[in-house]
Amino acid sequence: MTLEFSSEAFKKFQETVSRYPKKEAAMIPVLYLAQREFGYLSPEAIEYVAKLMDLSSARVYGVVTFYTMLNMQPVGKYHIQVCRTLPCALVGAEKIAALVKSKLGIQVGETTPDGKFTLSEVECLASCGTGPMMQINDDYYENLTQEKVEEILKSLK
Ligand code: FES
């Protein structure tokens with residue numbers, strides 16, 4: 001089956017592109033939309049976006065591989081992204097990642113066997129004053145402590 005946006009997503013695509021002077025400038029929001037729509041950015045999804053954007057697949061692929069928020073592999077229901085950049089590292093990011101790893105029994109880049117959680121380490125998420133922090137799907141969790149992380153993981157069904 002060929003990959004295609006739903007009519008709702010296509011409408012959103014058109015709205016998004018119309019907000020930019022050049023189609024290409026809308027690449028990140030369009031890729032994000034495609035990721036939501038298709039779950040992750042497979043080679044087929046990249047090709048589809050390239051076609052919509054009148055760009056080469058190689059150009060789109062280059063953008064996808066640059067940004068950690070864009071996934072080329074399927075991720076779990078909850079994608080946990082722990083910031084590892086210096087300001088967060090100085091206040092214990094490594095311990096937070098280690099705790100998540102031990103609680104979930106996975107390493108960075110892995111997904112739990114039930115498909116529920118994927119763990120990534122990412123660069124600065126622009127919340128440096130409230131580290132250590134992590135993003136799970138669209139939500140930020142800040143000023144993390146061991147207790148907070150345990151509570152958060154427990155709350156995710
Ligand atoms: S360094 Fe972690 S959010 Fe900026």
# chains A, B, ... in the order shown; residues from 1 in each chain; ligands from 1

call {"tool": "residues_near_ligand", "arguments": {"ligand": "ligand 1", "cutoff": "7 Å", "atoms": "only C-alpha atoms and all ligand atoms", "output": "PyMOL selection string"}}
result
chain A and resi 83-88+123-128+131-133

call {"tool": "write_last_selection", "arguments": {"atoms": "all heavy atoms", "output": "JSON list (two decimals), in the first residue's frame"}}
result
[["chain", "number", "residue", "atom", "x", "y", "z"],
["A", 83, "CYS", "N", 17.69, 14.55, 28.06],
["A", 83, "CYS", "CA", 18.69, 15.52, 27.59],
["A", 83, "CYS", "C", 20.04, 15.19, 28.22],
["A", 83, "CYS", "O", 20.13, 15.00, 29.42],
["A", 83, "CYS", "CB", 18.27, 16.94, 27.96],
["A", 83, "CYS", "SG", 19.59, 18.11, 27.58],
["A", 84, "ARG", "N", 21.08, 15.17, 27.38],
["A", 84, "ARG", "CA", 22.40, 14.83, 27.90],
["A", 84, "ARG", "C", 23.41, 15.96, 27.72],
["A", 84, "ARG", "O", 24.60, 15.79, 27.94],
["A", 84, "ARG", "CB", 22.92, 13.59, 27.19],
["A", 84, "ARG", "CG", 23.16, 13.82, 25.71],
["A", 84, "ARG", "CD", 23.85, 12.68, 25.05],
["A", 84, "ARG", "NE", 23.93, 12.93, 23.62],
["A", 84, "ARG", "CZ", 24.07, 11.99, 22.71],
["A", 84, "ARG", "NH1", 24.13, 10.73, 23.07],
["A", 84, "ARG", "NH2", 24.16, 12.30, 21.44],
["A", 85, "THR", "N", 22.95, 17.13, 27.28],
["A", 85, "THR", "CA", 23.86, 18.25, 27.03],
["A", 85, "THR", "C", 24.36, 18.83, 28.35],
["A", 85, "THR", "O", 23.74, 18.62, 29.40],
["A", 85, "THR", "CB", 23.15, 19.29, 26.13],
["A", 85, "THR", "OG1", 22.69, 18.62, 24.96],
["A", 85, "THR", "CG2", 24.08, 20.41, 25.71],
["A", 86, "LEU", "N", 25.49, 19.53, 28.27],
["A", 86, "LEU", "CA", 26.24, 19.92, 29.46],
["A", 86, "LEU", "C", 25.42, 20.47, 30.65],
["A", 86, "LEU", "O", 25.55, 19.95, 31.75],
["A", 86, "LEU", "CB", 27.37, 20.90, 29.09],
["A", 86, "LEU", "CG", 28.35, 21.19, 30.22],
["A", 86, "LEU", "CD1", 29.08, 19.93, 30.68],
["A", 86, "LEU", "CD2", 29.35, 22.25, 29.79],
["A", 87, "PRO", "N", 24.58, 21.50, 30.47],
["A", 87, "PRO", "CA", 23.84, 22.00, 31.65],
["A", 87, "PRO", "C", 23.04, 20.89, 32.35],
["A", 87, "PRO", "O", 23.00, 20.85, 33.59],
["A", 87, "PRO", "CB", 22.92, 23.08, 31.07],
["A", 87, "PRO", "CG", 23.64, 23.55, 29.85],
["A", 87, "PRO", "CD", 24.30, 22.31, 29.28],
["A", 88, "CYS", "N", 22.42, 20.01, 31.60],
["A", 88, "CYS", "CA", 21.68, 18.90, 32.22],
["A", 88, "CYS", "C", 22.66, 17.86, 32.77],
["A", 88, "CYS", "O", 22.42, 17.29, 33.84],
["A", 88, "CYS", "CB", 20.71, 18.27, 31.23],
["A", 88, "CYS", "SG", 19.18, 19.21, 31.02],
["A", 123, "GLU", "N", 20.19, 15.89, 22.49],
["A", 123, "GLU", "CA", 20.87, 17.15, 22.83],
["A", 123, "GLU", "C", 19.84, 18.14, 23.34],
["A", 123, "GLU", "O", 18.64, 17.90, 23.28],
["A", 123, "GLU", "CB", 21.61, 17.69, 21.59],
["A", 123, "GLU", "CG", 22.65, 16.74, 21.02],
["A", 123, "GLU", "CD", 23.70, 16.26, 22.03],
["A", 123, "GLU", "OE1", 24.00, 16.99, 22.99],
["A", 123, "GLU", "OE2", 24.20, 15.13, 21.88],
["A", 124, "CYS", "N", 20.36, 19.26, 23.81],
["A", 124, "CYS", "CA", 19.57, 20.30, 24.49],
["A", 124, "CYS", "C", 18.14, 20.47, 23.96],
["A", 124, "CYS", "O", 17.92, 20.64, 22.77],
["A", 124, "CYS", "CB", 20.31, 21.63, 24.38],
["A", 124, "CYS", "SG", 19.48, 22.96, 25.24],
["A", 125, "LEU", "N", 17.20, 20.45, 24.89],
["A", 125, "LEU", "CA", 15.79, 20.63, 24.53],
["A", 125, "LEU", "C", 15.30, 22.02, 24.94],
["A", 125, "LEU", "O", 14.10, 22.25, 25.09],
["A", 125, "LEU", "CB", 14.95, 19.53, 25.21],
["A", 125, "LEU", "CG", 15.18, 18.12, 24.65],
["A", 125, "LEU", "CD1", 14.55, 17.07, 25.56],
["A", 125, "LEU", "CD2", 14.64, 17.98, 23.24],
["A", 126, "ALA", "N", 16.25, 22.91, 25.15],
["A", 126, "ALA", "CA", 15.94, 24.32, 25.45],
["A", 126, "ALA", "C", 15.22, 24.50, 26.78],
["A", 126, "ALA", "O", 14.37, 25.38, 26.91],
["A", 126, "ALA", "CB", 15.17, 24.95, 24.30],
["A", 127, "SER", "N", 15.55, 23.67, 27.72],
["A", 127, "SER", "CA", 14.97, 23.82, 29.05],
["A", 127, "SER", "C", 16.08, 23.69, 30.09],
["A", 127, "SER", "O", 15.92, 23.07, 31.13],
["A", 127, "SER", "CB", 13.89, 22.74, 29.24],
["A", 127, "SER", "OG", 13.19, 22.97, 30.43],
["A", 128, "CYS", "N", 17.21, 24.30, 29.75],
["A", 128, "CYS", "CA", 18.46, 24.08, 30.50],
["A", 128, "CYS", "C", 18.39, 24.52, 31.96],
["A", 128, "CYS", "O", 19.10, 23.99, 32.80],
["A", 128, "CYS", "CB", 19.61, 24.81, 29.83],
["A", 128, "CYS", "SG", 19.51, 24.77, 28.04],
["A", 131, "GLY", "N", 16.98, 21.54, 34.48],
["A", 131, "GLY", "CA", 17.52, 20.18, 34.37],
["A", 131, "GLY", "C", 17.70, 19.54, 35.71],
["A", 131, "GLY", "O", 17.65, 20.23, 36.73],
["A", 132, "PRO", "N", 17.92, 18.25, 35.77],
["A", 132, "PRO", "CA", 17.88, 17.38, 34.60],
["A", 132, "PRO", "C", 16.44, 17.24, 34.10],
["A", 132, "PRO", "O", 15.50, 17.31, 34.88],
["A", 132, "PRO", "CB", 18.42, 16.05, 35.13],
["A", 132, "PRO", "CG", 18.21, 16.08, 36.59],
["A", 132, "PRO", "CD", 18.24, 17.52, 37.01],
["A", 133, "MET", "N", 16.32, 17.04, 32.80],
["A", 133, "MET", "CA", 14.98, 17.00, 32.23],
["A", 133, "MET", "C", 14.90, 15.96, 31.12],
["A", 133, "MET", "O", 15.91, 15.52, 30.60],
["A", 133, "MET", "CB", 14.55, 18.38, 31.75],
["A", 133, "MET", "CG", 15.36, 19.00, 30.63],
["A", 133, "MET", "SD", 14.90, 18.43, 28.99],
["A", 133, "MET", "CE", 13.21, 19.01, 28.84]]

call {"tool": "select_by_dssp", "arguments": {"residues": "region 20-152 of chain A", "states": "strand (DSSP E or B)", "output": "PyMOL selection string"}}
result
chain A and resi 78-83+111+117-122+134-136+139-141

call {"tool": "residues_around", "arguments": {"residues": "Lys23 (chain A)", "least_positions_apart": "3", "cutoff": "10 Å", "atoms": "only C-alpha atoms", "output": "short mmCIF file (atom, residue, chain, number, x, y, z; two decimals) with C-alpha atoms, in the first residue's frame"}}
result
data_model
loop_
_atom_site.label_atom_id
_atom_site.label_comp_id
_atom_site.auth_asym_id
_atom_site.auth_seq_id
_atom_site.Cartn_x
_atom_site.Cartn_y
_atom_site.Cartn_z
CA GLN A 14 -1.48 22.69 3.12
CA THR A 16 1.45 24.62 7.29
CA VAL A 17 3.08 25.21 3.91
CA SER A 18 0.93 28.31 3.32
CA ARG A 19 2.47 29.95 6.39
CA TYR A 20 5.96 29.97 4.87
CA ALA A 26 8.12 24.24 6.19
CA MET A 27 10.16 21.03 6.08
CA VAL A 30 5.81 18.86 7.68
CA LEU A 52 4.90 16.78 -1.54
CA MET A 53 7.66 19.32 -0.94
CA ASP A 54 9.06 19.16 -4.49
CA LEU A 55 12.44 18.14 -3.12
#

call {"tool": "closest_residue", "arguments": {"among": "A:Tyr67, A:Phe38, A:Tyr141, A:Phe13", "to": "Ile96 (chain A)", "atoms": "only C-alpha atoms"}}
result
A:Tyr141

call {"tool": "atom_distance", "arguments": {"atom1": "CA of Tyr140 (chain A)", "atom2": "CA of Leu31 (chain A)"}}
result
20.6 Å

call {"tool": "atom_distance", "arguments": {"atom1": "CA of Thr130 (chain A)", "atom2": "CA of Lys101 (chain A)"}}
result
21.4 Å

call {"tool": "residues_around", "arguments": {"residues": "Asp114 (chain A)", "least_positions_apart": "5", "cutoff": "12 Å", "atoms": "only C-alpha atoms", "output": "MDAnalysis selection string"}}
result
chainID A and resid 75:78 104:106 157

call {"tool": "write_last_selection", "arguments": {"atoms": "N, CA and C atoms", "output": "PDB file, in the first residue's frame"}}
result
ATOM      1  N   VAL A  75       9.038   3.809  17.189  1.00  0.00           N
ATOM      2  CA  VAL A  75       9.316   3.998  18.614  1.00  0.00           C
ATOM      3  C   VAL A  75       8.124   3.490  19.422  1.00  0.00           C
ATOM      4  N   GLY A  76       8.353   3.294  20.724  1.00  0.00           N
ATOM      5  CA  GLY A  76       7.306   2.803  21.597  1.00  0.00           C
ATOM      6  C   GLY A  76       6.197   3.839  21.780  1.00  0.00           C
ATOM      7  N   LYS A  77       5.161   3.413  22.475  1.00  0.00           N
ATOM      8  CA  LYS A  77       4.035   4.311  22.758  1.00  0.00           C
ATOM      9  C   LYS A  77       4.544   5.572  23.464  1.00  0.00           C
ATOM     10  N   TYR A  78       5.532   5.387  24.334  1.00  0.00           N
ATOM     11  CA  TYR A  78       6.149   6.518  25.029  1.00  0.00           C
ATOM     12  C   TYR A  78       7.611   6.616  24.623  1.00  0.00           C
ATOM     13  N   LEU A 104      13.424   0.170  33.134  1.00  0.00           N
ATOM     14  CA  LEU A 104      12.764  -0.402  31.952  1.00  0.00           C
ATOM     15  C   LEU A 104      13.501  -1.616  31.393  1.00  0.00           C
ATOM     16  N   GLY A 105      14.720  -1.805  31.829  1.00  0.00           N
ATOM     17  CA  GLY A 105      15.503  -2.939  31.329  1.00  0.00           C
ATOM     18  C   GLY A 105      15.926  -2.792  29.877  1.00  0.00           C
ATOM     19  N   ILE A 106      16.120  -1.552  29.457  1.00  0.00           N
ATOM     20  CA  ILE A 106      16.579  -1.323  28.071  1.00  0.00           C
ATOM     21  C   ILE A 106      17.755  -0.357  28.081  1.00  0.00           C
ATOM     22  N   LYS A 157       0.673   4.477  31.334  1.00  0.00           N
ATOM     23  CA  LYS A 157      -0.016   3.188  31.113  1.00  0.00           C
ATOM     24  C   LYS A 157       0.102   2.749  29.665  1.00  0.00           C
TER      25      LYS A 157
END

call {"tool": "atom_distance", "arguments": {"atom1": "CA of Leu70 (chain A)", "atom2": "CA of Gln35 (chain A)"}}
result
7.2 Å

call {"tool": "residues_around", "arguments": {"residues": "Phe66 (chain A)", "least_positions_apart": "5", "cutoff": "12 Å", "atoms": "only C-alpha atoms", "output": "ChimeraX atom specification"}}
result
/A:28,59-61,71-72,122-123

call {"tool": "closest_residue", "arguments": {"among": "A:Lys22, A:Lys51, A:His79, A:Lys148", "to": "Gly39 (chain A)", "atoms": "only C-alpha atoms"}}
result
A:His79

call {"tool": "closest_residue", "arguments": {"among": "A:Val49, A:Ala25, A:Ala97, A:Ile152", "to": "Val82 (chain A)", "atoms": "only C-alpha atoms"}}
result
A:Ala97

call {"tool": "select_by_dssp", "arguments": {"residues": "region 20-138 of chain A", "states": "helix (DSSP H, G or I)", "output": "PyMOL selection string"}}
result
chain A and resi 23-38+43-53+57-66+86-90+93-104+128-130

call {"tool": "write_last_selection", "arguments": {"atoms": "C-alpha atoms", "output": "PDB file, in the first residue's frame"}}
result
ATOM      1  CA  LYS A  23       7.676  25.411   0.679  1.00  0.00           C
ATOM      2  CA  GLU A  24      11.068  24.085   1.776  1.00  0.00           C
ATOM      3  CA  ALA A  25      11.048  26.312   4.876  1.00  0.00           C
ATOM      4  CA  ALA A  26       8.125  24.239   6.189  1.00  0.00           C
ATOM      5  CA  MET A  27      10.155  21.026   6.082  1.00  0.00           C
ATOM      6  CA  ILE A  28      10.469  20.441   9.854  1.00  0.00           C
ATOM      7  CA  PRO A  29       6.774  20.951  10.699  1.00  0.00           C
ATOM      8  CA  VAL A  30       5.807  18.862   7.680  1.00  0.00           C
ATOM      9  CA  LEU A  31       8.151  16.053   8.732  1.00  0.00           C
ATOM     10  CA  TYR A  32       6.774  16.245  12.242  1.00  0.00           C
ATOM     11  CA  LEU A  33       3.270  15.975  10.831  1.00  0.00           C
ATOM     12  CA  ALA A  34       4.332  12.957   8.755  1.00  0.00           C
ATOM     13  CA  GLN A  35       5.869  11.361  11.837  1.00  0.00           C
ATOM     14  CA  ARG A  36       2.610  11.773  13.739  1.00  0.00           C
ATOM     15  CA  GLU A  37       0.641  10.438  10.838  1.00  0.00           C
ATOM     16  CA  PHE A  38       2.833   7.439  10.018  1.00  0.00           C
ATOM     17  CA  PRO A  43      12.035   5.489   3.541  1.00  0.00           C
ATOM     18  CA  GLU A  44       8.520   5.472   2.010  1.00  0.00           C
ATOM     19  CA  ALA A  45       7.434   8.336   4.276  1.00  0.00           C
ATOM     20  CA  ILE A  46      10.557  10.321   3.370  1.00  0.00           C
ATOM     21  CA  GLU A  47       9.881   9.771  -0.308  1.00  0.00           C
ATOM     22  CA  TYR A  48       6.263  10.841   0.117  1.00  0.00           C
ATOM     23  CA  VAL A  49       7.255  14.044   1.941  1.00  0.00           C
ATOM     24  CA  ALA A  50       9.923  14.772  -0.689  1.00  0.00           C
ATOM     25  CA  LYS A  51       7.305  14.494  -3.413  1.00  0.00           C
ATOM     26  CA  LEU A  52       4.900  16.783  -1.544  1.00  0.00           C
ATOM     27  CA  MET A  53       7.658  19.319  -0.935  1.00  0.00           C
ATOM     28  CA  SER A  57      14.485  12.317  -1.128  1.00  0.00           C
ATOM     29  CA  ALA A  58      18.179  12.863  -0.351  1.00  0.00           C
ATOM     30  CA  ARG A  59      17.503  16.445   0.763  1.00  0.00           C
ATOM     31  CA  VAL A  60      14.691  15.312   3.074  1.00  0.00           C
ATOM     32  CA  TYR A  61      16.733  12.366   4.326  1.00  0.00           C
ATOM     33  CA  GLY A  62      19.533  14.785   5.269  1.00  0.00           C
ATOM     34  CA  VAL A  63      17.148  16.775   7.458  1.00  0.00           C
ATOM     35  CA  VAL A  64      15.613  13.680   9.055  1.00  0.00           C
ATOM     36  CA  THR A  65      18.993  12.279  10.064  1.00  0.00           C
ATOM     37  CA  PHE A  66      20.065  15.608  11.586  1.00  0.00           C
ATOM     38  CA  LEU A  86      26.241  19.919  29.465  1.00  0.00           C
ATOM     39  CA  PRO A  87      23.843  21.999  31.650  1.00  0.00           C
ATOM     40  CA  CYS A  88      21.684  18.901  32.224  1.00  0.00           C
ATOM     41  CA  ALA A  89      24.745  16.669  32.524  1.00  0.00           C
ATOM     42  CA  LEU A  90      26.099  18.886  35.311  1.00  0.00           C
ATOM     43  CA  ALA A  93      21.309  13.720  33.544  1.00  0.00           C
ATOM     44  CA  GLU A  94      23.453  10.596  33.466  1.00  0.00           C
ATOM     45  CA  LYS A  95      21.896   9.292  36.680  1.00  0.00           C
ATOM     46  CA  ILE A  96      18.419   9.947  35.288  1.00  0.00           C
ATOM     47  CA  ALA A  97      19.208   7.999  32.114  1.00  0.00           C
ATOM     48  CA  ALA A  98      20.727   5.188  34.175  1.00  0.00           C
ATOM     49  CA  LEU A  99      17.609   4.996  36.317  1.00  0.00           C
ATOM     50  CA  VAL A 100      15.308   4.852  33.296  1.00  0.00           C
ATOM     51  CA  LYS A 101      17.503   2.130  31.793  1.00  0.00           C
ATOM     52  CA  SER A 102      17.410   0.025  34.930  1.00  0.00           C
ATOM     53  CA  LYS A 103      13.671   0.534  35.523  1.00  0.00           C
ATOM     54  CA  LEU A 104      12.764  -0.402  31.952  1.00  0.00           C
ATOM     55  CA  CYS A 128      18.461  24.081  30.504  1.00  0.00           C
ATOM     56  CA  GLY A 129      17.456  26.005  33.645  1.00  0.00           C
ATOM     57  CA  THR A 130      15.236  23.156  34.828  1.00  0.00           C
TER      58      THR A 130
END

call {"tool": "closest_residue", "arguments": {"among": "A:Leu156, A:Ala9, A:Val108, A:Ile136", "to": "Met69 (chain A)", "atoms": "only C-alpha atoms"}}
result
A:Ile136

call {"tool": "decode", "arguments": {"residues": "region 9-40 of chain A", "atoms": "N, CA, C and O atoms", "output": "PDB file, in the first residue's frame"}}
result
ATOM      1  N   ALA A   9      -4.794  15.247   7.649  1.00  0.00           N
ATOM      2  CA  ALA A   9      -3.357  15.563   7.680  1.00  0.00           C
ATOM      3  C   ALA A   9      -2.953  16.347   6.431  1.00  0.00           C
ATOM      4  O   ALA A   9      -2.116  17.247   6.508  1.00  0.00           O
ATOM      5  N   PHE A  10      -3.580  16.029   5.312  1.00  0.00           N
ATOM      6  CA  PHE A  10      -3.235  16.755   4.088  1.00  0.00           C
ATOM      7  C   PHE A  10      -3.652  18.214   4.198  1.00  0.00           C
ATOM      8  O   PHE A  10      -2.930  19.121   3.770  1.00  0.00           O
ATOM      9  N   LYS A  11      -4.801  18.430   4.820  1.00  0.00           N
ATOM     10  CA  LYS A  11      -5.282  19.799   5.031  1.00  0.00           C
ATOM     11  C   LYS A  11      -4.284  20.556   5.919  1.00  0.00           C
ATOM     12  O   LYS A  11      -3.931  21.701   5.673  1.00  0.00           O
ATOM     13  N   LYS A  12      -3.828  19.875   6.954  1.00  0.00           N
ATOM     14  CA  LYS A  12      -2.858  20.464   7.879  1.00  0.00           C
ATOM     15  C   LYS A  12      -1.551  20.768   7.125  1.00  0.00           C
ATOM     16  O   LYS A  12      -0.922  21.808   7.351  1.00  0.00           O
ATOM     17  N   PHE A  13      -1.169  19.874   6.247  1.00  0.00           N
ATOM     18  CA  PHE A  13       0.032  20.086   5.436  1.00  0.00           C
ATOM     19  C   PHE A  13      -0.115  21.370   4.607  1.00  0.00           C
ATOM     20  O   PHE A  13       0.778  22.220   4.584  1.00  0.00           O
ATOM     21  N   GLN A  14      -1.265  21.504   3.956  1.00  0.00           N
ATOM     22  CA  GLN A  14      -1.477  22.692   3.121  1.00  0.00           C
ATOM     23  C   GLN A  14      -1.463  23.974   3.953  1.00  0.00           C
ATOM     24  O   GLN A  14      -0.877  24.973   3.554  1.00  0.00           O
ATOM     25  N   GLU A  15      -2.091  23.909   5.120  1.00  0.00           N
ATOM     26  CA  GLU A  15      -2.105  25.085   6.008  1.00  0.00           C
ATOM     27  C   GLU A  15      -0.682  25.441   6.430  1.00  0.00           C
ATOM     28  O   GLU A  15      -0.291  26.602   6.447  1.00  0.00           O
ATOM     29  N   THR A  16       0.090  24.400   6.801  1.00  0.00           N
ATOM     30  CA  THR A  16       1.454  24.619   7.286  1.00  0.00           C
ATOM     31  C   THR A  16       2.301  25.275   6.202  1.00  0.00           C
ATOM     32  O   THR A  16       2.959  26.290   6.441  1.00  0.00           O
ATOM     33  N   VAL A  17       2.259  24.704   5.015  1.00  0.00           N
ATOM     34  CA  VAL A  17       3.077  25.215   3.912  1.00  0.00           C
ATOM     35  C   VAL A  17       2.684  26.655   3.566  1.00  0.00           C
ATOM     36  O   VAL A  17       3.538  27.485   3.244  1.00  0.00           O
ATOM     37  N   SER A  18       1.397  26.964   3.688  1.00  0.00           N
ATOM     38  CA  SER A  18       0.933  28.308   3.316  1.00  0.00           C
ATOM     39  C   SER A  18       1.465  29.393   4.260  1.00  0.00           C
ATOM     40  O   SER A  18       1.446  30.563   3.935  1.00  0.00           O
ATOM     41  N   ARG A  19       1.953  28.966   5.426  1.00  0.00           N
ATOM     42  CA  ARG A  19       2.469  29.950   6.388  1.00  0.00           C
ATOM     43  C   ARG A  19       3.915  30.358   6.111  1.00  0.00           C
ATOM     44  O   ARG A  19       4.465  31.215   6.765  1.00  0.00           O
ATOM     45  N   TYR A  20       4.540  29.698   5.152  1.00  0.00           N
ATOM     46  CA  TYR A  20       5.957  29.974   4.873  1.00  0.00           C
ATOM     47  C   TYR A  20       6.122  30.565   3.476  1.00  0.00           C
ATOM     48  O   TYR A  20       5.377  30.206   2.562  1.00  0.00           O
ATOM     49  N   PRO A  21       7.104  31.456   3.324  1.00  0.00           N
ATOM     50  CA  PRO A  21       7.303  32.065   1.999  1.00  0.00           C
ATOM     51  C   PRO A  21       7.761  31.036   0.959  1.00  0.00           C
ATOM     52  O   PRO A  21       7.451  31.160  -0.222  1.00  0.00           O
ATOM     53  N   LYS A  22       8.512  30.032   1.415  1.00  0.00           N
ATOM     54  CA  LYS A  22       8.967  28.971   0.503  1.00  0.00           C
ATOM     55  C   LYS A  22       8.550  27.632   1.096  1.00  0.00           C
ATOM     56  O   LYS A  22       8.669  27.427   2.307  1.00  0.00           O
ATOM     57  N   LYS A  23       8.123  26.732   0.228  1.00  0.00           N
ATOM     58  CA  LYS A  23       7.676  25.411   0.679  1.00  0.00           C
ATOM     59  C   LYS A  23       8.747  24.722   1.542  1.00  0.00           C
ATOM     60  O   LYS A  23       8.463  24.157   2.587  1.00  0.00           O
ATOM     61  N   GLU A  24       9.993  24.799   1.099  1.00  0.00           N
ATOM     62  CA  GLU A  24      11.068  24.085   1.776  1.00  0.00           C
ATOM     63  C   GLU A  24      11.235  24.526   3.234  1.00  0.00           C
ATOM     64  O   GLU A  24      11.637  23.737   4.090  1.00  0.00           O
ATOM     65  N   ALA A  25      10.899  25.784   3.515  1.00  0.00           N
ATOM     66  CA  ALA A  25      11.048  26.312   4.876  1.00  0.00           C
ATOM     67  C   ALA A  25      10.113  25.597   5.851  1.00  0.00           C
ATOM     68  O   ALA A  25      10.316  25.640   7.067  1.00  0.00           O
ATOM     69  N   ALA A  26       9.090  24.936   5.328  1.00  0.00           N
ATOM     70  CA  ALA A  26       8.125  24.239   6.189  1.00  0.00           C
ATOM     71  C   ALA A  26       8.539  22.786   6.430  1.00  0.00           C
ATOM     72  O   ALA A  26       7.762  22.008   6.984  1.00  0.00           O
ATOM     73  N   MET A  27       9.749  22.440   6.038  1.00  0.00           N
ATOM     74  CA  MET A  27      10.155  21.026   6.082  1.00  0.00           C
ATOM     75  C   MET A  27      10.018  20.398   7.473  1.00  0.00           C
ATOM     76  O   MET A  27       9.491  19.294   7.596  1.00  0.00           O
ATOM     77  N   ILE A  28      10.513  21.060   8.516  1.00  0.00           N
ATOM     78  CA  ILE A  28      10.469  20.441   9.854  1.00  0.00           C
ATOM     79  C   ILE A  28       9.023  20.196  10.306  1.00  0.00           C
ATOM     80  O   ILE A  28       8.678  19.072  10.665  1.00  0.00           O
ATOM     81  N   PRO A  29       8.164  21.242  10.293  1.00  0.00           N
ATOM     82  CA  PRO A  29       6.774  20.951  10.699  1.00  0.00           C
ATOM     83  C   PRO A  29       6.097  19.899   9.827  1.00  0.00           C
ATOM     84  O   PRO A  29       5.316  19.101  10.328  1.00  0.00           O
ATOM     85  N   VAL A  30       6.426  19.869   8.558  1.00  0.00           N
ATOM     86  CA  VAL A  30       5.807  18.862   7.680  1.00  0.00           C
ATOM     87  C   VAL A  30       6.324  17.468   8.052  1.00  0.00           C
ATOM     88  O   VAL A  30       5.556  16.503   8.108  1.00  0.00           O
ATOM     89  N   LEU A  31       7.611  17.364   8.334  1.00  0.00           N
ATOM     90  CA  LEU A  31       8.151  16.053   8.732  1.00  0.00           C
ATOM     91  C   LEU A  31       7.556  15.610  10.065  1.00  0.00           C
ATOM     92  O   LEU A  31       7.281  14.437  10.288  1.00  0.00           O
ATOM     93  N   TYR A  32       7.365  16.572  10.948  1.00  0.00           N
ATOM     94  CA  TYR A  32       6.774  16.245  12.242  1.00  0.00           C
ATOM     95  C   TYR A  32       5.341  15.736  12.046  1.00  0.00           C
ATOM     96  O   TYR A  32       4.915  14.778  12.680  1.00  0.00           O
ATOM     97  N   LEU A  33       4.638  16.392  11.161  1.00  0.00           N
ATOM     98  CA  LEU A  33       3.270  15.975  10.831  1.00  0.00           C
ATOM     99  C   LEU A  33       3.284  14.550  10.254  1.00  0.00           C
ATOM    100  O   LEU A  33       2.469  13.699  10.632  1.00  0.00           O
ATOM    101  N   ALA A  34       4.227  14.292   9.365  1.00  0.00           N
ATOM    102  CA  ALA A  34       4.332  12.957   8.755  1.00  0.00           C
ATOM    103  C   ALA A  34       4.663  11.914   9.829  1.00  0.00           C
ATOM    104  O   ALA A  34       4.137  10.798   9.807  1.00  0.00           O
ATOM    105  N   GLN A  35       5.507  12.297  10.768  1.00  0.00           N
ATOM    106  CA  GLN A  35       5.869  11.361  11.837  1.00  0.00           C
ATOM    107  C   GLN A  35       4.647  11.011  12.696  1.00  0.00           C
ATOM    108  O   GLN A  35       4.433   9.865  13.066  1.00  0.00           O
ATOM    109  N   ARG A  36       3.841  12.027  12.973  1.00  0.00           N
ATOM    110  CA  ARG A  36       2.610  11.773  13.739  1.00  0.00           C
ATOM    111  C   ARG A  36       1.660  10.878  12.950  1.00  0.00           C
ATOM    112  O   ARG A  36       1.026   9.994  13.486  1.00  0.00           O
ATOM    113  N   GLU A  37       1.584  11.163  11.698  1.00  0.00           N
ATOM    114  CA  GLU A  37       0.641  10.438  10.838  1.00  0.00           C
ATOM    115  C   GLU A  37       1.077   8.981  10.616  1.00  0.00           C
ATOM    116  O   GLU A  37       0.267   8.071  10.665  1.00  0.00           O
ATOM    117  N   PHE A  38       2.370   8.773  10.383  1.00  0.00           N
ATOM    118  CA  PHE A  38       2.833   7.439  10.018  1.00  0.00           C
ATOM    119  C   PHE A  38       3.545   6.690  11.150  1.00  0.00           C
ATOM    120  O   PHE A  38       3.953   5.547  10.975  1.00  0.00           O
ATOM    121  N   GLY A  39       3.749   7.358  12.285  1.00  0.00           N
ATOM    122  CA  GLY A  39       4.410   6.714  13.426  1.00  0.00           C
ATOM    123  C   GLY A  39       5.906   6.950  13.431  1.00  0.00           C
ATOM    124  O   GLY A  39       6.493   7.195  14.460  1.00  0.00           O
ATOM    125  N   TYR A  40       6.528   6.874  12.282  1.00  0.00           N
ATOM    126  CA  TYR A  40       7.953   7.174  12.130  1.00  0.00           C
ATOM    127  C   TYR A  40       8.238   7.452  10.663  1.00  0.00           C
ATOM    128  O   TYR A  40       7.348   7.268   9.813  1.00  0.00           O
TER     129      TYR A  40
END
